[in-house]
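Shown here: query_38.txt, compact mmCIF, C-alpha atoms and all ligand atoms.
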# COMPACT_ATOMS: atom_id res chain seq x y z
CA MET M 1 97.59 118.67 128.36
CA SER M 2 95.15 121.22 129.62
CA TYR M 3 91.94 119.35 130.40
CA SER M 4 91.19 116.96 133.25
CA PRO M 5 91.51 113.17 132.77
CA ALA M 6 87.72 112.84 133.13
CA HIS M 7 87.20 115.22 130.22
CA TRP M 8 89.64 113.30 128.01
CA ARG M 9 88.00 109.98 128.92
CA ARG M 10 84.69 111.38 127.73
CA VAL M 11 86.23 112.79 124.52
CA GLY M 12 87.83 109.37 123.91
CA GLU M 13 84.53 107.50 124.37
CA GLU M 14 82.52 109.90 122.21
CA THR M 15 85.03 110.00 119.36
CA ARG M 16 85.40 106.18 119.41
CA ARG M 17 81.67 105.88 118.78
CA MET M 18 81.84 108.52 116.02
CA VAL M 19 84.61 106.65 114.20
CA ALA M 20 82.71 103.36 114.53
CA GLU M 21 79.24 104.67 113.61
CA VAL M 22 79.44 107.75 111.38
CA PRO M 23 80.37 107.31 107.67
CA LEU M 24 82.16 110.68 107.46
CA TYR M 25 84.67 109.64 110.15
CA ARG M 26 85.04 105.94 109.28
CA ASP M 27 88.49 106.34 107.74
CA ARG M 28 89.89 107.89 110.96
CA PRO M 29 92.05 105.62 113.13
CA GLU M 30 90.42 104.48 116.35
CA PRO M 31 91.18 106.76 119.32
CA PRO M 32 93.53 105.29 121.95
CA ALA M 33 92.06 103.58 125.02
CA ASP M 34 94.39 105.56 127.28
CA PRO M 35 92.69 108.93 128.04
CA THR M 36 96.05 110.67 128.42
CA ALA M 37 96.82 109.86 124.77
CA VAL M 38 93.51 111.16 123.33
CA ASP M 39 94.86 114.71 123.19
CA ARG M 40 97.64 113.75 120.75
CA TRP M 41 95.36 111.53 118.69
CA LEU M 42 92.78 114.30 118.31
CA ALA M 43 95.43 116.84 117.26
CA GLN M 44 96.33 114.56 114.34
CA MET M 45 92.77 114.21 113.07
CA PRO M 46 91.95 116.31 110.01
CA ALA M 47 89.70 119.30 110.56
CA VAL M 48 86.25 119.02 109.02
CA GLY M 49 84.91 122.07 107.20
CA LYS M 50 81.56 123.07 105.80
CA ARG M 51 82.48 121.43 102.49
CA GLU M 52 82.94 118.04 104.17
CA LEU M 53 79.63 118.41 106.02
CA ARG M 54 77.84 119.16 102.75
CA ARG M 55 79.32 116.20 100.92
CA GLY M 56 76.98 113.21 101.20
CA PHE M 57 74.63 115.07 103.55
CA PRO M 58 72.68 113.84 105.42
CA LYS M 59 73.69 110.16 105.01
CA SER M 60 77.38 110.70 105.76
CA LEU M 61 76.51 112.11 109.20
CA VAL M 62 73.88 109.59 110.31
CA ARG M 63 75.05 106.91 112.78
CA GLU M 64 74.69 103.35 111.49
CA HIS M 65 71.88 102.40 113.89
CA GLN M 66 69.88 105.61 113.29
CA ASP M 67 66.86 105.88 110.98
CA LEU M 68 66.71 109.49 109.83
CA GLY M 69 63.40 109.15 107.97
CA ALA M 70 61.68 107.65 111.01
CA ALA M 71 63.15 110.31 113.32
CA MET M 72 61.91 113.04 110.99
CA ARG M 73 58.43 111.53 110.79
CA ALA M 74 58.35 111.31 114.58
CA GLU M 75 59.44 114.97 114.66
CA ILE M 76 62.50 114.16 116.76
CA VAL M 77 64.76 115.88 114.25
CA THR M 78 64.32 118.30 111.39
CA LEU M 79 66.53 119.35 108.50
CA LEU M 80 67.42 123.00 108.85
CA ALA M 81 69.45 125.43 106.75
CA THR M 82 71.79 127.71 108.66
CA SER M 83 71.51 131.44 108.06
CA GLY M 84 75.01 132.19 106.82
CA THR M 85 75.86 133.77 103.52
CA THR M 86 75.38 131.54 100.47
CA ALA M 87 78.94 130.20 100.60
CA ASP M 88 78.56 129.41 104.30
CA ARG M 89 75.06 128.05 104.20
CA LEU M 90 74.76 124.57 105.53
CA GLN M 91 72.10 121.97 106.06
CA VAL M 92 71.90 120.63 109.55
CA ILE M 93 70.18 117.67 111.21
CA TRP M 94 68.67 119.63 114.06
CA GLU M 95 67.22 118.25 117.25
CA TRP M 96 65.31 120.50 119.64
CA SER M 97 65.75 118.07 122.56
CA TRP M 98 69.52 118.46 122.13
CA TRP M 99 69.66 122.15 121.26
CA ASP M 100 67.49 123.52 124.04
CA PRO M 101 69.17 121.87 127.08
CA GLN M 102 72.71 122.61 125.90
CA GLU M 103 71.82 126.25 125.24
CA ARG M 104 70.09 126.61 128.65
CA GLU M 105 73.09 125.03 130.35
CA ALA M 106 75.48 127.39 128.57
CA MET M 107 73.39 130.40 129.62
CA ARG M 108 73.46 129.27 133.25
CA LEU M 109 77.27 129.44 133.25
CA ASN M 110 76.59 133.14 133.81
CA ALA M 111 75.44 133.50 137.43
CA ARG M 112 73.32 136.58 136.76
CA ILE M 113 71.48 134.87 133.90
CA ALA M 114 71.06 131.71 135.98
CA ALA M 115 69.40 133.75 138.74
CA ALA M 116 67.05 135.48 136.27
CA MET M 117 66.11 132.17 134.60
CA GLY M 118 65.36 130.65 137.98
CA SER M 119 62.75 133.24 138.91
CA ARG M 120 59.08 132.31 138.61
CA ASP M 121 58.11 135.12 136.27
CA TYR M 122 60.99 134.53 133.85
CA ARG M 123 60.06 135.09 130.22
CA GLU M 124 62.21 135.46 127.18
CA ALA M 125 62.08 137.18 123.81
CA VAL M 126 64.19 136.60 120.70
CA LEU M 127 65.09 139.18 118.08
CA THR M 128 66.96 137.84 115.06
CA THR M 129 66.41 136.86 111.44
CA PRO M 130 63.07 135.05 111.47
CA ALA M 131 64.63 132.05 109.72
CA CYS M 132 67.13 131.19 112.42
CA GLY M 133 65.31 131.58 115.71
CA ALA M 134 65.29 128.15 117.38
CA GLY M 135 64.73 126.34 114.11
CA THR M 136 61.33 127.78 113.46
CA CYS M 137 60.13 130.12 110.79
CA HIS M 138 58.26 133.33 111.49
CA PHE M 139 58.07 134.96 108.09
CA GLY M 140 54.95 136.87 107.21
CA SER M 141 52.35 138.44 109.41
CA GLN M 142 51.55 136.47 112.50
CA THR M 143 50.10 137.38 115.85
CA ALA M 144 52.32 137.54 118.91
CA ALA M 145 50.70 134.27 120.08
CA GLU M 146 51.63 132.58 116.80
CA ARG M 147 55.20 133.76 117.24
CA SER M 148 55.47 132.31 120.75
CA ILE M 149 56.95 128.88 121.46
CA ASP M 150 57.44 127.43 124.95
CA GLY M 151 56.86 130.91 126.41
CA ILE M 152 59.48 132.52 124.15
CA LEU M 153 58.27 135.41 122.00
CA PHE M 154 59.92 135.89 118.60
CA PHE M 155 59.66 139.59 117.70
CA ASN M 156 60.76 139.68 114.10
CA GLU M 157 58.92 138.54 110.99
CA SER M 158 60.87 139.90 108.02
CA ALA M 159 64.42 139.09 106.95
CA ASP M 160 65.77 142.52 106.15
CA PRO M 161 65.61 145.25 108.83
CA THR M 162 66.29 147.93 106.20
CA HIS M 163 62.76 147.11 105.02
CA TRP M 164 61.18 147.37 108.45
CA THR M 165 58.41 149.90 108.11
CA ALA M 166 57.41 152.41 110.78
CA ASN M 167 54.55 149.99 111.55
CA ASP M 168 56.94 147.04 112.01
CA ALA M 169 59.04 149.05 114.44
CA GLU M 170 55.91 150.25 116.26
CA ARG M 171 54.63 146.70 116.59
CA MET M 172 57.91 145.37 117.98
CA LEU M 173 58.25 148.24 120.46
CA ARG M 174 54.64 147.74 121.55
CA GLU M 175 55.09 143.98 121.97
CA TRP M 176 58.28 144.61 123.94
CA ARG M 177 56.42 146.96 126.31
CA GLU M 178 53.49 144.55 126.75
CA PHE M 179 55.54 141.37 127.10
CA ALA M 180 58.31 143.01 129.17
CA PRO M 181 60.81 140.18 128.62
CA ARG M 182 63.13 139.32 131.53
CA GLY M 183 65.71 137.85 129.15
CA VAL M 184 66.38 138.86 125.54
CA GLU M 185 68.40 136.93 122.99
CA ALA M 186 69.27 139.11 120.03
CA ASP M 187 71.25 139.59 116.90
CA PRO M 188 73.22 142.71 117.94
CA ALA M 189 72.64 144.44 114.59
CA TYR M 190 68.88 143.98 114.90
CA LEU M 191 68.73 145.00 118.54
CA ALA M 192 70.80 148.13 117.81
CA ILE M 193 68.22 149.14 115.18
CA ILE M 194 65.35 148.63 117.64
CA ALA M 195 67.32 150.56 120.27
CA ARG M 196 67.75 153.52 117.88
CA GLU M 197 64.04 153.40 116.99
CA ALA M 198 63.11 153.48 120.68
CA ILE M 199 65.44 156.42 121.35
CA ALA M 200 64.22 158.34 118.28
CA ARG M 201 60.58 157.95 119.38
CA GLY M 202 61.27 158.59 123.03
CA THR M 203 59.79 155.16 123.82
CA LYS M 204 60.82 153.80 127.20
CA LEU M 205 61.13 150.02 127.08
CA PRO M 206 61.14 147.94 130.26
CA PRO M 207 64.75 146.78 130.64
CA PRO M 208 65.29 143.01 130.71
CA GLN M 209 67.49 141.49 133.43
CA PHE M 210 69.98 140.48 130.78
CA ILE M 211 70.58 140.55 127.02
CA THR M 212 72.50 137.83 125.20
CA LEU M 213 74.07 138.83 121.89
CA THR M 214 74.59 136.13 119.31
CA TYR M 215 74.23 135.25 115.57
CA GLU M 216 76.78 137.84 114.38
CA THR M 217 79.78 139.94 115.41
CA THR M 218 79.00 142.78 117.83
CA THR M 219 80.60 146.11 116.95
CA ARG M 220 81.20 148.96 119.38
CA ALA M 221 78.52 151.10 117.72
CA MET M 222 75.90 148.36 118.21
CA ARG M 223 76.90 147.95 121.85
CA ARG M 224 76.82 151.72 122.43
CA ASP M 225 73.30 152.14 121.01
CA ILE M 226 71.87 149.09 122.78
CA ALA M 227 73.30 150.38 126.07
CA ARG M 228 71.66 153.77 125.47
CA ALA M 229 68.20 152.23 125.15
CA PHE M 230 68.41 149.49 127.79
CA ASP M 231 69.78 149.58 131.27
CA ALA M 232 70.65 145.88 131.13
CA PRO M 233 73.89 143.89 131.09
CA MET M 234 74.90 142.43 127.70
CA TYR M 235 76.65 139.10 127.30
CA GLN M 236 78.01 137.28 124.27
CA LEU M 237 76.58 133.84 123.63
CA TYR M 238 78.86 132.25 121.07
CA GLY M 239 77.80 129.26 119.05
CA ALA M 240 76.63 128.00 115.68
CA THR M 241 73.45 126.28 114.53
CA GLU M 242 75.49 123.27 113.39
CA ALA M 243 77.65 123.03 116.53
CA GLY M 244 75.62 124.27 119.51
CA VAL M 245 76.59 126.93 122.04
CA LEU M 246 80.36 126.81 122.51
CA PHE M 247 81.10 129.68 124.92
CA MET M 248 79.09 131.92 127.23
CA GLU M 249 80.24 135.25 128.61
CA CYS M 250 80.18 135.55 132.40
CA GLU M 251 79.49 138.61 134.58
CA HIS M 252 83.19 139.45 134.42
CA GLY M 253 83.47 139.62 130.66
CA ARG M 254 85.17 136.29 129.99
CA LEU M 255 83.70 133.64 127.71
CA HIS M 256 83.60 130.23 129.42
CA PRO M 257 83.40 126.97 127.42
CA ASN M 258 80.16 124.98 127.39
CA GLU M 259 82.31 121.94 128.01
CA ARG M 260 79.73 119.35 128.98
CA HIS M 261 78.51 119.59 125.40
CA SER M 262 81.62 120.18 123.36
CA HIS M 263 85.37 119.92 123.36
CA VAL M 264 87.02 122.90 121.67
CA ASP M 265 90.51 122.91 120.18
CA LEU M 266 91.88 126.41 119.76
CA VAL M 267 94.37 126.46 116.88
CA PRO M 268 96.71 129.48 117.12
CA MET M 269 96.79 131.93 114.21
CA ARG M 270 99.75 133.77 112.80
CA GLY M 271 100.86 136.91 114.63
CA ARG M 272 101.54 138.24 118.11
CA ALA M 273 97.90 138.55 119.22
CA PRO M 274 96.51 135.44 121.01
CA LEU M 275 94.10 134.61 118.20
CA ALA M 276 92.84 131.14 117.37
CA ARG M 277 90.56 129.19 115.07
CA VAL M 278 87.83 127.14 116.73
CA LEU M 279 87.59 123.38 116.14
CA VAL M 280 84.65 121.66 117.81
CA THR M 281 84.11 118.07 118.83
CA THR M 282 80.56 117.64 120.09
CA LEU M 283 79.85 115.62 123.24
CA GLY M 284 76.61 113.81 124.02
CA ARG M 285 74.97 114.72 120.74
CA PRO M 286 72.99 111.86 119.21
CA TRP M 287 72.42 113.37 115.75
CA MET M 288 75.08 114.89 113.52
CA PRO M 289 78.09 114.52 115.84
CA LEU M 290 81.04 116.71 114.87
CA LEU M 291 84.69 115.64 115.06
CA ARG M 292 87.09 118.59 114.85
CA TYR M 293 84.72 120.79 112.93
CA ASP M 294 86.14 124.19 111.97
CA VAL M 295 83.41 126.73 112.76
CA GLY M 296 85.14 129.31 110.55
CA ASP M 297 85.53 131.98 113.24
CA VAL M 298 88.49 133.62 114.93
CA VAL M 299 88.55 134.22 118.68
CA ARG M 300 90.88 135.98 121.13
CA VAL M 301 92.06 133.63 123.86
CA ALA M 302 92.24 134.90 127.45
CA GLU M 303 95.61 134.78 129.19
CA THR M 304 94.41 132.76 132.14
CA ARG M 305 91.71 130.27 133.07
CA ASP M 306 91.12 131.97 136.39
CA CYS M 307 88.15 134.27 136.37
CA ALA M 308 86.78 136.65 138.98
CA CYS M 309 83.32 135.05 138.58
CA GLY M 310 84.65 131.97 140.36
CA LEU M 311 83.47 129.46 137.75
CA ARG M 312 86.13 126.83 137.24
CA SER M 313 86.50 125.88 133.59
CA ASP M 314 88.45 122.88 132.41
CA GLY M 315 89.21 124.41 129.04
CA PRO M 316 90.53 127.83 128.02
CA LEU M 317 88.53 131.07 128.32
CA LEU M 318 88.07 133.64 125.59
CA GLU M 319 88.31 137.41 125.68
CA ARG M 320 86.08 137.94 122.69
CA VAL M 321 84.92 136.59 119.33
CA GLU M 322 86.81 138.49 116.62
CA GLY M 323 84.77 137.63 113.52
CA ARG M 324 84.80 135.26 110.60
CA LEU M 325 88.03 133.67 109.45
CA GLY M 326 87.24 134.55 105.81
CA ASP M 327 86.98 138.22 106.80
CA CYS M 328 90.49 138.34 108.33
CA GLU M 329 93.53 139.59 106.48
CA GLU M 330 97.17 138.78 107.06
CA VAL M 331 99.41 141.85 107.06
CA ASP M 332 103.17 141.34 107.53
CA GLY M 333 102.60 138.04 109.31
CA GLU M 334 99.92 139.45 111.64
CA THR M 335 96.27 138.43 111.48
CA VAL M 336 93.94 141.41 111.32
CA THR M 337 90.35 140.59 112.33
CA PRO M 338 87.06 142.46 111.73
CA LEU M 339 86.91 143.57 115.38
CA MET M 340 90.44 144.96 115.11
CA LEU M 341 89.17 147.12 112.23
CA ASP M 342 86.30 148.18 114.49
CA ASP M 343 88.79 149.02 117.27
CA ALA M 344 90.83 151.15 114.85
CA ILE M 345 87.75 153.01 113.60
CA HIS M 346 86.57 153.88 117.11
CA ALA M 347 90.05 154.78 118.33
CA GLU M 348 90.19 157.31 115.50
CA LEU M 349 86.66 158.70 115.91
CA GLY M 350 86.69 158.86 119.70
CA PRO M 351 84.02 158.24 122.34
CA ASN M 352 81.50 160.76 120.96
CA SER M 353 81.33 159.15 117.54
CA THR M 354 77.90 158.96 115.90
CA LEU M 355 78.90 156.21 113.44
CA VAL M 356 76.29 153.47 113.42
CA GLN M 357 77.58 150.99 110.85
CA TRP M 358 80.55 150.22 108.59
CA GLN M 359 81.47 147.69 105.96
CA LEU M 360 84.76 147.13 104.19
CA ALA M 361 83.86 146.34 100.57
CA ALA M 362 87.09 145.63 98.63
CA ASP M 363 88.98 148.96 98.73
CA THR M 364 86.11 151.08 100.01
CA LEU M 365 85.06 151.58 103.58
CA LEU M 366 81.33 152.27 103.62
CA VAL M 367 80.20 154.25 106.63
CA VAL M 368 76.71 155.06 107.91
CA ASP M 369 77.03 158.11 110.13
CA PRO M 370 74.03 160.45 110.25
CA GLY M 371 75.84 162.93 112.48
CA ASP M 372 79.23 163.37 110.83
CA ALA M 373 80.03 163.92 107.13
CA GLN M 374 83.80 163.63 107.74
CA SER M 375 83.98 160.34 109.62
CA ALA M 376 84.07 158.08 106.53
CA GLU M 377 87.40 159.54 105.38
CA ARG M 378 88.93 159.38 108.84
CA ALA M 379 87.72 155.84 109.47
CA ALA M 380 89.01 154.70 106.07
CA ALA M 381 92.43 156.19 106.84
CA ALA M 382 92.55 154.37 110.19
CA VAL M 383 91.57 151.02 108.65
CA GLY M 384 93.95 151.61 105.72
CA ALA M 385 96.83 152.20 108.16
CA LEU M 386 96.09 148.87 109.84
CA LEU M 387 95.78 146.94 106.57
CA LYS M 388 98.66 148.84 104.93
CA ARG M 389 96.73 149.66 101.79
CA ARG M 390 94.89 152.69 100.44
CA LEU M 391 91.18 152.73 101.16
CA ARG M 392 88.49 155.09 100.06
CA GLY M 393 85.94 156.27 102.60
CA GLU M 394 82.35 156.60 101.44
CA ARG M 395 79.46 157.90 103.49
CA VAL M 396 76.25 156.02 102.66
CA ALA M 397 72.65 156.22 103.90
CA ALA M 398 72.37 152.49 104.67
CA ILE M 399 74.18 149.17 104.32
CA ALA M 400 71.93 146.27 103.39
CA PRO M 401 72.28 142.82 104.93
CA GLU M 402 72.91 139.69 102.87
CA ALA M 403 69.96 137.70 101.54
CA SER M 404 70.19 135.62 104.72
CA GLY M 405 69.44 138.70 106.83
CA LYS M 406 72.93 138.86 108.33
CA TYR M 407 75.13 141.88 108.00
CA ARG M 408 78.70 141.51 106.86
CA LEU M 409 81.59 143.62 108.11
CA VAL M 410 83.93 142.62 105.30
CA LYS M 411 83.03 141.92 101.68
CA ARG M 412 85.64 140.88 99.13
ZN ZN W 1 84.02 134.14 134.51
This entry written out as structure tokens:
Amino acid sequence: MSYSPAHWRRVGEETRRMVAEVPLYRDRPEPPADPTAVDRWLAQMPAVGKRELRRGFPKSLVREHQDLGAAMRAEIVTLLATSGTTADRLQVIWEWSWWDPQEREAMRLNARIAAAMGSRDYREAVLTTPACGAGTCHFGSQTAAERSIDGILFFNESADPTHWTANDAERMLREWREFAPRGVEADPAYLAIIAREAIARGTKLPPPQFITLTYETTTRAMRRDIARAFDAPMYQLYGATEAGVLFMECEHGRLHPNERHSHVDLVPMRGRAPLARVLVTTLGRPWMPLLRYDVGDVVRVAETRDCACGLRSDGPLLERVEGRLGDCEEVDGETVTPLMLDDAIHAELGPNSTLVQWQLAADTLLVVDPGDAQSAERAAAAVGALLKRRLRGERVAAIAPEASGKYRLVKR
């Protein structure tokens, strides 16, 4: 048993209420009163997937004493669709008064971010798909004031960055210069595009004190280009609209659990690498509590819970988030993740690579590389060697995101 008795007592109390109050979990046996036995009980509970959350939504997730209609009319909660691909898309009962504090608390696990957020002139900007920024919608043309909520400026207003015009890019760069955010939360794919635009135009942007990367998997090319444009530390903020922020990267590159708000079970995957699936049990969440919900991602677990940042975590730490479970392949009993493909591509192309984007689409590796006509073939050979199958490399001008605005690294 890895967690403290206090943590297990809390998990026991929260899950007991879920089983008693939430229709989706009513057929689960009651958790044991003894906190030291909660661990074993939880491990025997079935995982809940997106399919289960969709079935009977929202009724199956509303606690027996809750009145969803009244809460919606009072604007306590809202129904929100997550921004995944069509198969992943999910409706969520979303509560700002739950989301905001648990996200802020996760961010403060990083001492550098905590210091920046504590300063009097702290201000934050968000760059992601307009549909999924803090549960509000910023499609269409709006002024910067209209795209600001609680002092947070939302830069983007169209779903597909491949359709950003020169004017869109100009506007975002201008707003960045004028607003000079101290903290930036960004989809790494979007921020990498803005970074390249800034470099191409020779625009100097005031560097924020930190950048958090979230919403999708960060590749080495994205990280490289963001670092070229901004002299600011980048940290992964790992979570999901339906589950909250689960892990936050610290100043020493480890992801610490946001454990006052969730209990995470890491289920080992096949192979020698320390990879795991992520099952979440939410803590202290009034609406839409989750009991062993499978987020559908694969993470790399850190060897030790000790971290140079000094933050003591009850639960395990992560090295990195590897990508979506559905995008992994099993090769000779080993799990191969999207970020492992990215590692292989960059190991082959070396540190001076000009590749900006790749996507594995069935047996073709699409590569966007304005500076190198040969890299697609070489990258495809490297990925093919890892997956033990023949791949074709194809150099393309652009790779479009899904309708949701998210890019995919692997497409079947
Ligand atoms: Zn740390």
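Around ligand ZN 1 (chain W), the neighbouring residues within 10 Å, taking all atoms listed in the file, come to M:Leu109, M:Asn110, M:Ala111, M:Met248, M:Glu249, M:Cys250, M:Glu251, M:His252, M:Gly253, M:Arg254, M:Leu255, M:His256, M:Arg305, M:Asp306, M:Cys307, M:Ala308, M:Cys309, M:Gly310, M:Leu311, M:Arg312, M:Ser313, M:Leu317, M:Leu318.
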Which neighbours of Arg272 of chain M fall inside 10 Å, counting only C-alpha atoms, when residues of the same chain fewer than 5 positions from it are skipped, and could you give them as an mmCIF file with C-alpha atoms, in the frame of the given file?
data_model
loop_
_atom_site.group_PDB
_atom_site.id
_atom_site.type_symbol
_atom_site.label_atom_id
_atom_site.label_comp_id
_atom_site.auth_asym_id
_atom_site.auth_seq_id
_atom_site.Cartn_x
_atom_site.Cartn_y
_atom_site.Cartn_z
ATOM 1 C CA GLY M 333 102.600 138.040 109.310
ATOM 2 C CA GLU M 334 99.920 139.450 111.640
ATOM 3 C CA THR M 335 96.270 138.430 111.480
#
Could you work out how far atom CA of Ile345 of chain M lies from atom CA of Gly371 of chain M, giving the answer in Å with one decimal? 15.5 Å
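Those residues that approach segment 161-168 of chain M to within 9 Å, counting all atoms listed in the file, are Thr129, Tyr190, Ile193, Ala398, Ile399, Ala400, Pro401 and Gly405 of chain M; same-chain residues fewer than 6 positions away are not listed.
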Selection as a PDB file with C-alpha atoms, in the coordinates of the input: residues within 10 Å of (73.2, 155.9, 115.3), counting all atoms listed in the file:
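Listing of part_18.pdb after writing:
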ATOM      1  CA  ALA M 192      70.800 148.130 117.810  1.00  0.00           C
ATOM      2  CA  ILE M 193      68.220 149.140 115.180  1.00  0.00           C
ATOM      3  CA  ALA M 195      67.320 150.560 120.270  1.00  0.00           C
ATOM      4  CA  ARG M 196      67.750 153.520 117.880  1.00  0.00           C
ATOM      5  CA  GLU M 197      64.040 153.400 116.990  1.00  0.00           C
ATOM      6  CA  ILE M 199      65.440 156.420 121.350  1.00  0.00           C
ATOM      7  CA  ALA M 200      64.220 158.340 118.280  1.00  0.00           C
ATOM      8  CA  ALA M 221      78.520 151.100 117.720  1.00  0.00           C
ATOM      9  CA  MET M 222      75.900 148.360 118.210  1.00  0.00           C
ATOM     10  CA  ARG M 224      76.820 151.720 122.430  1.00  0.00           C
ATOM     11  CA  ASP M 225      73.300 152.140 121.010  1.00  0.00           C
ATOM     12  CA  SER M 353      81.330 159.150 117.540  1.00  0.00           C
ATOM     13  CA  THR M 354      77.900 158.960 115.900  1.00  0.00           C
ATOM     14  CA  LEU M 355      78.900 156.210 113.440  1.00  0.00           C
ATOM     15  CA  VAL M 356      76.290 153.470 113.420  1.00  0.00           C
ATOM     16  CA  GLN M 357      77.580 150.990 110.850  1.00  0.00           C
ATOM     17  CA  VAL M 368      76.710 155.060 107.910  1.00  0.00           C
ATOM     18  CA  ASP M 369      77.030 158.110 110.130  1.00  0.00           C
ATOM     19  CA  PRO M 370      74.030 160.450 110.250  1.00  0.00           C
ATOM     20  CA  GLY M 371      75.840 162.930 112.480  1.00  0.00           C
TER      21      GLY M 371
END
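Residues with any atom within 8 Å of Pro188 of chain M, counting only C-alpha atoms and excluding same-chain neighbours fewer than 3 positions away, are Leu191, Ala192, Leu213, Thr214, Tyr215, Glu216, Thr217, Thr218, Met222 and Arg223 of chain M.
The coordinates place atom CA of Val278 of chain M at 26.5 Å from atom CA of Arg112 of chain M.
Reported to one decimal place, the separation of atom CA of Glu170 of chain M from atom CA of Thr219 of chain M is 25.0 Å.
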Do you know which residues are at most 9 Å from Pro58 of chain M counting only C-alpha atoms, after dropping those on the same chain fewer than 6 positions away, and could you put them as a ChimeraX atom specification? /M:68,79,91-93,288
Expected file contents, prior selection, C-alpha atoms, as a PDB file, keeping the file's coordinate frame:
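Output (out_12.pdb):
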ATOM      1  CA  LEU M  68      66.710 109.490 109.830  1.00  0.00           C
ATOM      2  CA  LEU M  79      66.530 119.350 108.500  1.00  0.00           C
ATOM      3  CA  GLN M  91      72.100 121.970 106.060  1.00  0.00           C
ATOM      4  CA  VAL M  92      71.900 120.630 109.550  1.00  0.00           C
ATOM      5  CA  ILE M  93      70.180 117.670 111.210  1.00  0.00           C
ATOM      6  CA  MET M 288      75.080 114.890 113.520  1.00  0.00           C
TER       7      MET M 288
END
Who sits within 9 Å of segment 28-41 of chain M, only C-alpha atoms, same chain under 6 positions skipped, as an MDAnalysis selection string: chainID M and resid 1 5:13 15:16 19:20
Go ahead and dump the residues you just picked, C-alpha atoms, as a tab-separated table (two decimals), in the coordinates of the input.
chain	number	residue	atom	x	y	z
M	1	MET	CA	97.59	118.67	128.36
M	5	PRO	CA	91.51	113.17	132.77
M	6	ALA	CA	87.72	112.84	133.13
M	7	HIS	CA	87.20	115.22	130.22
M	8	TRP	CA	89.64	113.30	128.01
M	9	ARG	CA	88.00	109.98	128.92
M	10	ARG	CA	84.69	111.38	127.73
M	11	VAL	CA	86.23	112.79	124.52
M	12	GLY	CA	87.83	109.37	123.91
M	13	GLU	CA	84.53	107.50	124.37
M	15	THR	CA	85.03	110.00	119.36
M	16	ARG	CA	85.40	106.18	119.41
M	19	VAL	CA	84.61	106.65	114.20
M	20	ALA	CA	82.71	103.36	114.53
